[in-house]
$ cat coords-v2.cif   # mmCIF, C-alpha atoms and all ligand atoms
data_target
loop_
_atom_site.label_atom_id
_atom_site.label_comp_id
_atom_site.auth_asym_id
_atom_site.auth_seq_id
_atom_site.Cartn_x
_atom_site.Cartn_y
_atom_site.Cartn_z
CA MET A 542 24.63 87.35 -64.16
CA ILE A 543 24.62 83.85 -62.77
CA PHE A 544 25.43 80.62 -64.57
CA HIS A 545 24.64 77.16 -63.23
CA ILE A 546 26.18 74.08 -64.81
CA ILE A 547 24.96 70.54 -64.22
CA THR A 548 27.66 68.03 -65.09
CA ILE A 549 29.32 64.77 -64.11
CA PHE A 550 32.70 66.50 -64.54
CA PRO A 551 32.56 69.53 -62.18
CA GLU A 552 36.37 69.60 -61.91
CA VAL A 553 36.72 70.30 -65.66
CA ILE A 554 34.51 73.37 -65.39
CA GLU A 555 35.99 74.58 -62.08
CA CYS A 556 39.51 74.29 -63.43
CA TYR A 557 38.82 76.19 -66.66
CA ALA A 558 36.84 78.86 -64.82
CA LYS A 559 39.85 79.83 -62.70
CA PHE A 560 41.65 81.39 -65.62
CA GLY A 561 41.40 84.18 -68.15
CA VAL A 562 38.34 86.27 -68.79
CA ILE A 563 35.92 83.99 -66.93
CA GLY A 564 38.27 83.72 -63.94
CA ARG A 565 38.65 87.49 -63.69
CA ALA A 566 34.91 88.12 -64.05
CA LEU A 567 34.17 85.66 -61.26
CA GLN A 568 36.79 87.21 -59.02
CA LYS A 569 35.45 90.70 -59.64
CA GLY A 570 31.90 89.48 -58.96
CA ILE A 571 30.73 90.59 -62.43
CA ALA A 572 29.47 87.05 -63.03
CA SER A 573 28.92 84.08 -60.80
CA LEU A 574 29.16 80.38 -61.53
CA LYS A 575 27.70 77.46 -59.62
CA VAL A 576 28.75 74.00 -60.67
CA HIS A 577 26.47 71.14 -59.66
CA ASN A 578 27.70 67.56 -59.67
CA LEU A 579 24.97 65.45 -61.24
CA ARG A 580 26.03 62.51 -59.03
CA ASP A 581 24.87 64.45 -55.95
CA PHE A 582 21.30 64.20 -57.27
CA THR A 583 20.98 60.48 -57.78
CA SER A 584 19.26 58.15 -55.33
CA ASP A 585 21.57 55.31 -56.41
CA LYS A 586 23.92 54.32 -53.60
CA HIS A 587 26.81 53.97 -56.08
CA LYS A 588 26.05 57.45 -57.47
CA LYS A 589 25.27 55.94 -60.85
CA VAL A 590 23.57 58.36 -63.26
CA ASP A 591 23.14 56.15 -66.33
CA ASP A 592 21.60 52.84 -67.27
CA TYR A 593 21.12 50.46 -70.22
CA PRO A 594 18.94 51.70 -73.09
CA TYR A 595 15.38 50.39 -73.37
CA GLY A 596 15.09 48.54 -76.65
CA GLY A 597 18.71 47.42 -76.50
CA GLY A 598 21.72 48.74 -78.31
CA SER A 599 25.19 49.80 -77.32
CA GLY A 600 26.18 52.47 -74.80
CA MET A 601 24.45 53.79 -71.72
CA VAL A 602 21.74 56.42 -71.40
CA MET A 603 21.83 59.19 -68.78
CA GLN A 604 18.82 58.91 -66.50
CA VAL A 605 16.15 61.56 -66.21
CA GLU A 606 15.82 61.62 -62.41
CA PRO A 607 19.22 63.11 -61.44
CA PHE A 608 18.73 65.92 -63.96
CA TYR A 609 15.19 66.51 -62.69
CA ASN A 610 16.41 66.67 -59.08
CA ALA A 611 19.30 69.00 -59.97
CA VAL A 612 17.04 71.42 -61.86
CA LYS A 613 14.49 71.33 -59.03
CA HIS A 614 17.24 72.13 -56.52
CA ILE A 615 18.45 75.10 -58.59
CA LYS A 616 14.90 76.39 -59.06
CA GLU A 617 14.47 76.52 -55.29
CA THR A 618 16.81 79.53 -55.25
CA GLU A 619 16.48 80.86 -58.83
CA ASN A 620 12.90 81.66 -59.69
CA GLU A 621 13.42 83.17 -63.16
CA SER A 622 16.01 80.95 -64.80
CA ARG A 623 16.42 79.63 -68.33
CA ILE A 624 17.05 75.89 -68.53
CA ILE A 625 19.26 74.98 -71.48
CA LEU A 626 20.25 71.52 -72.66
CA LEU A 627 23.51 71.47 -74.62
CA SER A 628 22.91 69.22 -77.58
CA PRO A 629 23.97 68.92 -81.23
CA GLN A 630 20.25 68.99 -82.04
CA GLY A 631 19.75 72.47 -80.65
CA ARG A 632 19.51 75.98 -82.04
CA ILE A 633 22.97 77.09 -83.19
CA PHE A 634 24.69 79.43 -80.75
CA ASN A 635 26.18 82.65 -82.12
CA GLU A 636 27.14 86.16 -81.01
CA LYS A 637 23.58 87.42 -81.53
CA LEU A 638 22.21 84.81 -79.15
CA ALA A 639 24.98 85.62 -76.65
CA VAL A 640 23.90 89.29 -76.72
CA GLU A 641 20.26 88.24 -76.24
CA PHE A 642 21.13 86.19 -73.14
CA PHE A 643 23.36 88.96 -71.82
CA GLU A 644 20.65 91.60 -72.23
CA LYS A 645 17.97 89.46 -70.57
CA LYS A 646 20.28 88.82 -67.58
CA GLU A 647 18.28 85.70 -66.70
CA PRO A 648 20.24 83.09 -64.73
CA LEU A 649 21.24 80.33 -67.17
CA VAL A 650 21.14 76.69 -66.17
CA LEU A 651 23.33 74.71 -68.57
CA ILE A 652 22.72 70.96 -68.59
CA CYS A 653 25.64 68.90 -69.86
CA GLY A 654 24.91 65.40 -71.10
CA ARG A 655 27.41 62.91 -72.39
CA TYR A 656 26.71 62.28 -76.01
CA GLU A 657 26.12 58.54 -75.67
CA GLY A 658 22.61 59.57 -74.89
CA ILE A 659 20.33 61.25 -72.45
CA ASP A 660 16.79 60.14 -71.56
CA GLU A 661 14.39 61.99 -73.88
CA ARG A 662 12.17 62.96 -70.90
CA VAL A 663 14.80 65.49 -69.73
CA LYS A 664 13.48 67.71 -72.53
CA ALA A 665 10.16 68.05 -70.67
CA PHE A 666 11.73 70.46 -68.17
CA VAL A 667 14.18 72.20 -70.49
CA ASP A 668 13.36 75.60 -72.06
CA GLU A 669 15.55 75.04 -75.11
CA GLU A 670 18.33 72.99 -76.66
CA ILE A 671 21.44 74.77 -77.87
CA SER A 672 24.23 73.51 -80.08
CA ILE A 673 27.58 75.25 -80.53
CA GLY A 674 28.01 73.88 -84.05
CA ASP A 675 27.32 71.08 -86.48
CA TYR A 676 29.59 68.48 -84.98
CA VAL A 677 29.25 66.00 -82.15
CA LEU A 678 31.18 66.58 -78.92
CA SER A 679 31.57 63.88 -76.30
CA GLY A 680 29.57 66.01 -73.89
CA GLY A 681 28.12 69.42 -73.14
CA GLU A 682 30.96 70.69 -70.89
CA LEU A 683 33.01 72.34 -73.65
CA ALA A 684 29.84 73.78 -75.16
CA SER A 685 28.74 75.32 -71.86
CA LEU A 686 32.15 76.93 -71.40
CA VAL A 687 31.97 78.35 -74.92
CA ILE A 688 28.60 79.90 -74.12
CA ILE A 689 29.70 81.33 -70.76
CA ASP A 690 32.93 82.75 -72.20
CA THR A 691 31.08 84.47 -75.05
CA ILE A 692 28.52 86.05 -72.71
CA VAL A 693 31.04 87.07 -70.02
CA ARG A 694 33.13 88.92 -72.64
CA LEU A 695 30.13 91.21 -73.17
CA MET A 696 29.98 92.24 -69.50
CA PRO A 697 31.40 95.67 -68.72
CA GLY A 698 34.70 95.26 -66.87
CA ALA A 699 35.20 91.61 -67.84
CA LEU A 700 37.90 92.21 -70.44
CA GLY A 701 40.08 94.17 -68.05
CA ASP A 702 41.14 96.59 -70.74
CA GLU A 703 37.99 98.66 -71.32
CA LEU A 704 39.31 99.64 -74.73
CA SER A 705 39.09 96.05 -75.98
CA ALA A 706 35.40 95.98 -75.17
CA LYS A 707 34.89 99.26 -76.98
CA GLU A 708 36.85 98.01 -79.98
CA ASP A 709 34.85 94.80 -79.94
CA SER A 710 31.63 96.75 -80.32
CA PHE A 711 33.26 99.18 -82.75
CA MET A 712 34.04 96.19 -84.94
CA LYS A 713 30.62 94.63 -84.27
CA GLY A 714 29.48 92.34 -87.05
CA CYS A 715 32.91 92.26 -88.69
CA LEU A 716 35.83 89.87 -88.39
CA ASP A 717 38.81 91.19 -86.44
CA TYR A 718 41.55 93.35 -88.00
CA PRO A 719 45.15 92.02 -88.13
CA HIS A 720 47.24 92.45 -84.96
CA TYR A 721 51.01 92.88 -84.68
CA THR A 722 53.54 93.22 -81.89
CA ARG A 723 57.33 93.44 -81.66
CA PRO A 724 59.58 92.88 -83.57
CA ASP A 725 58.63 95.27 -86.39
CA GLU A 726 60.25 92.89 -88.86
CA PHE A 727 60.38 89.10 -88.67
CA ASP A 728 61.89 86.88 -91.35
CA GLY A 729 61.42 89.65 -93.90
CA MET A 730 57.77 90.26 -92.91
CA LYS A 731 57.21 93.86 -91.88
CA VAL A 732 54.53 95.40 -89.70
CA PRO A 733 52.40 97.79 -91.82
CA SER A 734 54.12 101.16 -91.44
CA ILE A 735 50.89 102.97 -90.53
CA LEU A 736 50.83 101.09 -87.20
CA LEU A 737 54.21 102.61 -86.31
CA SER A 738 53.15 106.13 -87.32
CA GLY A 739 51.60 107.15 -83.99
CA ASP A 740 48.68 108.68 -85.91
CA HIS A 741 45.72 107.25 -83.95
CA LYS A 742 43.09 108.44 -86.39
CA ARG A 743 44.76 106.83 -89.40
CA VAL A 744 45.43 103.66 -87.40
CA ALA A 745 41.72 103.44 -86.45
CA LEU A 746 40.69 103.91 -90.08
CA TRP A 747 43.22 101.30 -91.25
CA ARG A 748 41.90 98.80 -88.70
CA LYS A 749 38.34 99.38 -89.76
CA LYS A 750 39.25 98.91 -93.42
CA GLU A 751 41.23 95.74 -92.72
CA ALA A 752 38.38 94.33 -90.60
CA LEU A 753 36.01 94.98 -93.50
CA ARG A 754 38.52 93.49 -95.96
CA ALA A 755 38.83 90.29 -93.90
CA THR A 756 35.04 90.06 -93.63
CA LEU A 757 34.53 90.67 -97.35
CA GLN A 758 37.11 88.03 -98.28
CA LYS A 759 36.32 85.37 -95.70
CA ARG A 760 32.74 85.89 -94.48
CA PRO A 761 30.83 88.20 -96.86
CA ASP A 762 27.59 86.80 -95.39
CA LEU A 763 28.29 88.83 -92.23
CA LEU A 764 28.22 92.17 -94.05
CA LYS A 765 24.77 93.42 -93.09
CA ASP A 766 23.39 96.68 -91.69
CA LEU A 767 26.54 98.66 -92.44
CA SER A 768 26.85 102.34 -91.56
CA SER A 769 27.31 104.80 -94.43
CA GLU A 770 30.98 105.16 -93.40
CA ASP A 771 31.48 101.38 -93.61
CA MET A 772 29.69 101.27 -96.98
CA LYS A 773 32.08 103.90 -98.30
CA ILE A 774 35.10 101.85 -97.19
CA LEU A 775 33.56 98.70 -98.61
CA LYS A 776 33.09 100.36 -102.00
CA GLU A 777 36.76 101.38 -101.96
CA LEU A 778 37.74 97.80 -101.13
CA CYS A 779 35.55 96.43 -103.92
CA SER A 780 37.16 98.71 -106.49
CA GLU A 781 40.65 97.77 -105.20
CA ILE A 782 39.74 94.08 -105.60
CA ASN A 783 38.21 94.69 -109.06
CA GLU A 784 41.36 96.42 -110.16
CA LYS A 785 43.50 93.51 -108.94
CA ILE A 786 41.27 90.98 -110.71
CA LEU A 787 41.50 92.90 -113.99
CA GLU A 788 45.28 93.11 -113.65
CA GLY A 789 45.54 89.40 -112.73
CA ARG A 790 46.99 90.24 -109.30
CA TYR A 791 44.09 89.08 -107.12
CA GLU A 792 44.84 86.29 -104.67
CA PRO A 793 41.64 84.72 -103.36
CA VAL A 794 41.54 83.70 -99.71
CA ASN A 795 41.24 79.94 -99.26
CA HIS A 796 40.00 78.47 -96.04
N1 LIG B 1 26.93 68.02 -77.05
C1 LIG B 1 27.44 67.22 -78.01
N2 LIG B 1 27.67 67.89 -79.13
C2 LIG B 1 27.29 69.19 -78.90
C3 LIG B 1 27.28 70.37 -79.68
N3 LIG B 1 27.69 70.38 -80.94
N4 LIG B 1 26.82 71.50 -79.11
C4 LIG B 1 26.38 71.48 -77.85
N5 LIG B 1 26.36 70.40 -77.07
C5 LIG B 1 26.81 69.25 -77.58
#
$ encode --input "coords-v2.cif" --output "C-alpha cells" --more "lines below"
Ligand code: ADE
Amino acid sequence: MIFHIITIFPEVIECYAKFGVIGRALQKGIASLKVHNLRDFTSDKHKKVDDYPYGGGSGMVMQVEPFYNAVKHIKETENESRIILLSPQGRIFNEKLAVEFFEKKEPLVLICGRYEGIDERVKAFVDEEISIGDYVLSGGELASLVIIDTIVRLMPGALGDELSAKEDSFMKGCLDYPHYTRPDEFDGMKVPSILLSGDHKRVALWRKKEALRATLQKRPDLLKDLSSEDMKILKELCSEINEKILEGRYEPVNH
C-alpha cells in the first residue's frame, strides 16, 4: 500500500519513518511512502505557500494553488487514490477506519495543513477530512503519522513477530492485557504466578480474561459483538466485581 504526504515539513516525516514499525515495513517493501514538499509546488519565487487572510485578522492562510498542484502531480501516477485532508473538523479516525483503509488498499494522499488556516477551496479536491481526535494540533504531520502507523501495523509481516499480529487480532475490540518482563519481583510487586507456569493454555486464558477486565473497567463501550467464550468470561468477571462491591473491596479504576 502506498502513502503520499504533502507537507511543508518533509524532514519531520522522513525522520520518523526511518524507525520502528513504519521503518521496517518500508524497508521490506510492505508499504511505500512518498513525501512531497509543498514548497516544490508553488509558483512563488521565494517558495512562499501562505498569504494574509482576506477579511483581515491575525495569522496567515495556506494557499490553495500549491496543494492543487501537488495533488495534480500525485494523480498523474496514482489513478485510484483517496485524498485526505487532516483537520480537527474531520471524521474521527479509529481502528475500524484503519481496517477499512487497509482492506481497500487504495493509495492514500494525506494533506497536512498548519492549523493557522488553510484556504477553504482546498476542500474542493479532497475526498474527506479526517481528525485524529478532539483537540487542535499545530499541523497535520503528527496526525498523518498516526494514521500511517495504525494502518501499517495491520499489514502482514509489518510487526516482525508474526505472533504479535495474531495476538492483536485475537484481542480485537478489547484493550490490551497486562505485560511483564524480568525481574519477577520489583519493589515488592510480583509478576502473576500463572505467567511463570509455562502452561501456555492457561496463560492465553488469563490474558484474555485480563484484556476483558481492562476493557470492562476502563472502556465498557468497546464491549460489542463478543463471542460466546468471551461472554462467559465477562459473566465471571461481573460476578467477581459484584462480590467485591458487596464486600466493600471493589476499587474503581480512575482515569
Ligand atoms: N490538524 C490539526 N488538528 C488536527 C487533528 N486533531 N486531527 C487531524 N489533523 C489536525
$ closest_atom_pairs --input "coords-v2.cif" --of "chain A" --to "ligand LIG 1 (chain B)" --cutoff "6 Å" --atoms "all atoms listed in the file" --output "Markdown table"
| residue | atom | partner | partner_atom | distance |
| --- | --- | --- | --- | --- |
| A:Leu627 | CA | B:LIG1 | N5 | 3.9 |
| A:Ser628 | CA | B:LIG1 | N5 | 3.7 |
| A:Pro629 | CA | B:LIG1 | C3 | 3.9 |
| A:Tyr656 | CA | B:LIG1 | C1 | 5.4 |
| A:Ile671 | CA | B:LIG1 | C4 | 5.9 |
| A:Ser672 | CA | B:LIG1 | N4 | 3.4 |
| A:Ile673 | CA | B:LIG1 | N4 | 4.1 |
| A:Gly674 | CA | B:LIG1 | N3 | 4.7 |
| A:Asp675 | CA | B:LIG1 | N3 | 5.6 |
| A:Tyr676 | CA | B:LIG1 | N3 | 4.9 |
| A:Val677 | CA | B:LIG1 | N2 | 3.9 |
| A:Leu678 | CA | B:LIG1 | N2 | 3.8 |
| A:Ser679 | CA | B:LIG1 | C1 | 5.6 |
| A:Gly680 | CA | B:LIG1 | N1 | 4.6 |
| A:Gly681 | CA | B:LIG1 | N1 | 4.3 |
| A:Ala684 | CA | B:LIG1 | C4 | 4.9 |
$ closest_atom_pairs --input "coords-v2.cif" --of "range 667-768 of chain A" --to "range 616-622 of chain A" --cutoff "12 Å" --atoms "only C-alpha atoms" --output "JSON lines"
{"residue": "A:Val667", "atom": "CA", "partner": "A:Ser622", "partner_atom": "CA", "distance": 10.6}
{"residue": "A:Asp668", "atom": "CA", "partner": "A:Ser622", "partner_atom": "CA", "distance": 9.4}
{"residue": "A:Glu669", "atom": "CA", "partner": "A:Ser622", "partner_atom": "CA", "distance": 11.9}
$ atom_distance --input "coords-v2.cif" --atom1 "CA of Phe544 in chain A" --atom2 "CA of Gly654 in chain A"
16.6 Å
$ closest_residue --input "coords-v2.cif" --among "A:Thr583, A:Thr756, A:Ser738, A:Ser685" --to "Val605 in chain A" --atoms "only C-alpha atoms"
A:Thr583
$ atom_distance --input "coords-v2.cif" --atom1 "CA of Val650 in chain A" --atom2 "CA of Ala699 in chain A"
20.6 Å
$ atom_distance --input "coords-v2.cif" --atom1 "CA of Ile625 in chain A" --atom2 "CA of Lys586 in chain A"
27.7 Å
$ closest_residue --input "coords-v2.cif" --among "A:Val744, A:Ile688, A:Ala572, A:Leu767" --to "Ala639 in chain A" --atoms "only C-alpha atoms"
A:Ile688
$ residues_around --input "coords-v2.cif" --residues "Glu770 in chain A" --least-positions-apart "6" --cutoff "12 Å" --atoms "all atoms listed in the file" --output "number ranges by chain"
A: 746, 749-750, 753, 776-777
$ residues_around --input "coords-v2.cif" --residues "range 590-604 of chain A" --least-positions-apart "5" --cutoff "10 Å" --atoms "all atoms listed in the file" --output "tab-separated table (two decimals) with C-alpha atoms, in the coordinates of the input"
chain	number	residue	atom	x	y	z
A	549	ILE	CA	29.32	64.77	-64.11
A	579	LEU	CA	24.97	65.45	-61.24
A	580	ARG	CA	26.03	62.51	-59.03
A	581	ASP	CA	24.87	64.45	-55.95
A	582	PHE	CA	21.30	64.20	-57.27
A	583	THR	CA	20.98	60.48	-57.78
A	584	SER	CA	19.26	58.15	-55.33
A	585	ASP	CA	21.57	55.31	-56.41
A	609	TYR	CA	15.19	66.51	-62.69
A	654	GLY	CA	24.91	65.40	-71.10
A	655	ARG	CA	27.41	62.91	-72.39
A	656	TYR	CA	26.71	62.28	-76.01
A	657	GLU	CA	26.12	58.54	-75.67
A	658	GLY	CA	22.61	59.57	-74.89
A	659	ILE	CA	20.33	61.25	-72.45
A	660	ASP	CA	16.79	60.14	-71.56
A	661	GLU	CA	14.39	61.99	-73.88
A	662	ARG	CA	12.17	62.96	-70.90
A	663	VAL	CA	14.80	65.49	-69.73
$ closest_residue --input "coords-v2.cif" --among "A:Glu606, A:Asp702, A:Asp725, A:Glu552" --to "Ala665 in chain A" --atoms "all atoms listed in the file"
A:Glu606
$ residues_around --input "coords-v2.cif" --residues "Arg723 in chain A" --least-positions-apart "6" --cutoff "12 Å" --atoms "all atoms listed in the file" --output "VMD selection string"
chain A and resid 730 to 732 736 to 737
$ axis_aligned_box --input "coords-v2.cif" --around "range 742-747 of chain A" --padding-each-side "3 Å" --output "JSON"
{"center_x": 43.1, "center_y": 104.9, "center_z": -88.8, "size_x": 10.7, "size_y": 13.1, "size_z": 10.9}
$ build_atoms --input "coords-v2.cif" --residues "range 728-739 of chain A" --atoms "all heavy atoms" --output "PDB file, in the frame of the given file"
ATOM      1  N   ASP A 728      61.647  87.719 -90.171  1.00  0.00           N
ATOM      2  CA  ASP A 728      61.890  86.880 -91.350  1.00  0.00           C
ATOM      3  C   ASP A 728      61.440  87.586 -92.634  1.00  0.00           C
ATOM      4  O   ASP A 728      60.787  86.992 -93.498  1.00  0.00           O
ATOM      5  CB  ASP A 728      61.127  85.552 -91.171  1.00  0.00           C
ATOM      6  CG  ASP A 728      61.688  84.440 -92.046  1.00  0.00           C
ATOM      7  OD1 ASP A 728      62.854  84.566 -92.489  1.00  0.00           O
ATOM      8  OD2 ASP A 728      60.964  83.463 -92.304  1.00  0.00           O
ATOM      9  N   GLY A 729      61.752  88.869 -92.694  1.00  0.00           N
ATOM     10  CA  GLY A 729      61.420  89.650 -93.900  1.00  0.00           C
ATOM     11  C   GLY A 729      59.997  90.180 -93.921  1.00  0.00           C
ATOM     12  O   GLY A 729      59.619  90.928 -94.823  1.00  0.00           O
ATOM     13  N   MET A 730      59.168  89.780 -92.920  1.00  0.00           N
ATOM     14  CA  MET A 730      57.770  90.260 -92.910  1.00  0.00           C
ATOM     15  C   MET A 730      57.676  91.486 -92.013  1.00  0.00           C
ATOM     16  O   MET A 730      58.019  91.416 -90.821  1.00  0.00           O
ATOM     17  CB  MET A 730      56.850  89.161 -92.355  1.00  0.00           C
ATOM     18  CG  MET A 730      56.775  87.939 -93.225  1.00  0.00           C
ATOM     19  SD  MET A 730      55.739  86.654 -92.475  1.00  0.00           S
ATOM     20  CE  MET A 730      56.830  86.014 -91.229  1.00  0.00           C
ATOM     21  N   LYS A 731      57.234  92.605 -92.637  1.00  0.00           N
ATOM     22  CA  LYS A 731      57.210  93.860 -91.880  1.00  0.00           C
ATOM     23  C   LYS A 731      55.823  94.172 -91.336  1.00  0.00           C
ATOM     24  O   LYS A 731      54.817  93.816 -91.956  1.00  0.00           O
ATOM     25  CB  LYS A 731      57.627  94.999 -92.808  1.00  0.00           C
ATOM     26  CG  LYS A 731      59.108  94.971 -93.147  1.00  0.00           C
ATOM     27  CD  LYS A 731      59.487  96.201 -93.936  1.00  0.00           C
ATOM     28  CE  LYS A 731      60.988  96.191 -94.154  1.00  0.00           C
ATOM     29  NZ  LYS A 731      61.397  97.019 -95.274  1.00  0.00           N
ATOM     30  N   VAL A 732      55.790  94.877 -90.235  1.00  0.00           N
ATOM     31  CA  VAL A 732      54.530  95.400 -89.700  1.00  0.00           C
ATOM     32  C   VAL A 732      54.109  96.562 -90.596  1.00  0.00           C
ATOM     33  O   VAL A 732      54.967  97.379 -90.967  1.00  0.00           O
ATOM     34  CB  VAL A 732      54.750  95.879 -88.245  1.00  0.00           C
ATOM     35  CG1 VAL A 732      53.525  96.603 -87.713  1.00  0.00           C
ATOM     36  CG2 VAL A 732      55.122  94.712 -87.338  1.00  0.00           C
ATOM     37  N   PRO A 733      52.832  96.658 -90.992  1.00  0.00           N
ATOM     38  CA  PRO A 733      52.400  97.790 -91.820  1.00  0.00           C
ATOM     39  C   PRO A 733      52.833  99.123 -91.178  1.00  0.00           C
ATOM     40  O   PRO A 733      52.605  99.339 -89.977  1.00  0.00           O
ATOM     41  CB  PRO A 733      50.881  97.658 -91.851  1.00  0.00           C
ATOM     42  CG  PRO A 733      50.630  96.207 -91.602  1.00  0.00           C
ATOM     43  CD  PRO A 733      51.722  95.746 -90.689  1.00  0.00           C
ATOM     44  N   SER A 734      53.471  99.974 -91.994  1.00  0.00           N
ATOM     45  CA  SER A 734      54.120 101.160 -91.440  1.00  0.00           C
ATOM     46  C   SER A 734      53.145 102.093 -90.726  1.00  0.00           C
ATOM     47  O   SER A 734      53.498 102.781 -89.765  1.00  0.00           O
ATOM     48  CB  SER A 734      54.871 101.910 -92.537  1.00  0.00           C
ATOM     49  OG  SER A 734      53.953 102.223 -93.545  1.00  0.00           O
ATOM     50  N   ILE A 735      51.890 102.077 -91.146  1.00  0.00           N
ATOM     51  CA  ILE A 735      50.890 102.970 -90.530  1.00  0.00           C
ATOM     52  C   ILE A 735      50.744 102.703 -89.023  1.00  0.00           C
ATOM     53  O   ILE A 735      50.495 103.619 -88.235  1.00  0.00           O
ATOM     54  CB  ILE A 735      49.532 102.831 -91.266  1.00  0.00           C
ATOM     55  CG1 ILE A 735      48.617 103.981 -90.888  1.00  0.00           C
ATOM     56  CG2 ILE A 735      48.867 101.513 -90.998  1.00  0.00           C
ATOM     57  CD1 ILE A 735      47.502 104.211 -91.847  1.00  0.00           C
ATOM     58  N   LEU A 736      50.977 101.444 -88.627  1.00  0.00           N
ATOM     59  CA  LEU A 736      50.830 101.090 -87.200  1.00  0.00           C
ATOM     60  C   LEU A 736      51.986 101.636 -86.364  1.00  0.00           C
ATOM     61  O   LEU A 736      51.907 101.679 -85.141  1.00  0.00           O
ATOM     62  CB  LEU A 736      50.733  99.572 -87.028  1.00  0.00           C
ATOM     63  CG  LEU A 736      49.526  98.909 -87.708  1.00  0.00           C
ATOM     64  CD1 LEU A 736      49.551  97.402 -87.484  1.00  0.00           C
ATOM     65  CD2 LEU A 736      48.215  99.488 -87.185  1.00  0.00           C
ATOM     66  N   LEU A 737      53.054 102.055 -87.030  1.00  0.00           N
ATOM     67  CA  LEU A 737      54.210 102.610 -86.310  1.00  0.00           C
ATOM     68  C   LEU A 737      54.181 104.135 -86.361  1.00  0.00           C
ATOM     69  O   LEU A 737      55.052 104.797 -85.818  1.00  0.00           O
ATOM     70  CB  LEU A 737      55.524 102.108 -86.924  1.00  0.00           C
ATOM     71  CG  LEU A 737      55.635 100.597 -87.161  1.00  0.00           C
ATOM     72  CD1 LEU A 737      56.933 100.248 -87.886  1.00  0.00           C
ATOM     73  CD2 LEU A 737      55.570  99.832 -85.849  1.00  0.00           C
ATOM     74  N   SER A 738      53.153 104.685 -87.052  1.00  0.00           N
ATOM     75  CA  SER A 738      53.150 106.130 -87.320  1.00  0.00           C
ATOM     76  C   SER A 738      52.764 106.971 -86.095  1.00  0.00           C
ATOM     77  O   SER A 738      53.057 108.159 -86.044  1.00  0.00           O
ATOM     78  CB  SER A 738      52.167 106.441 -88.453  1.00  0.00           C
ATOM     79  OG  SER A 738      50.847 106.221 -87.983  1.00  0.00           O
ATOM     80  N   GLY A 739      52.060 106.373 -85.144  1.00  0.00           N
ATOM     81  CA  GLY A 739      51.600 107.150 -83.990  1.00  0.00           C
ATOM     82  C   GLY A 739      50.366 107.989 -84.299  1.00  0.00           C
ATOM     83  O   GLY A 739      49.864 108.711 -83.436  1.00  0.00           O
TER      84      GLY A 739
END
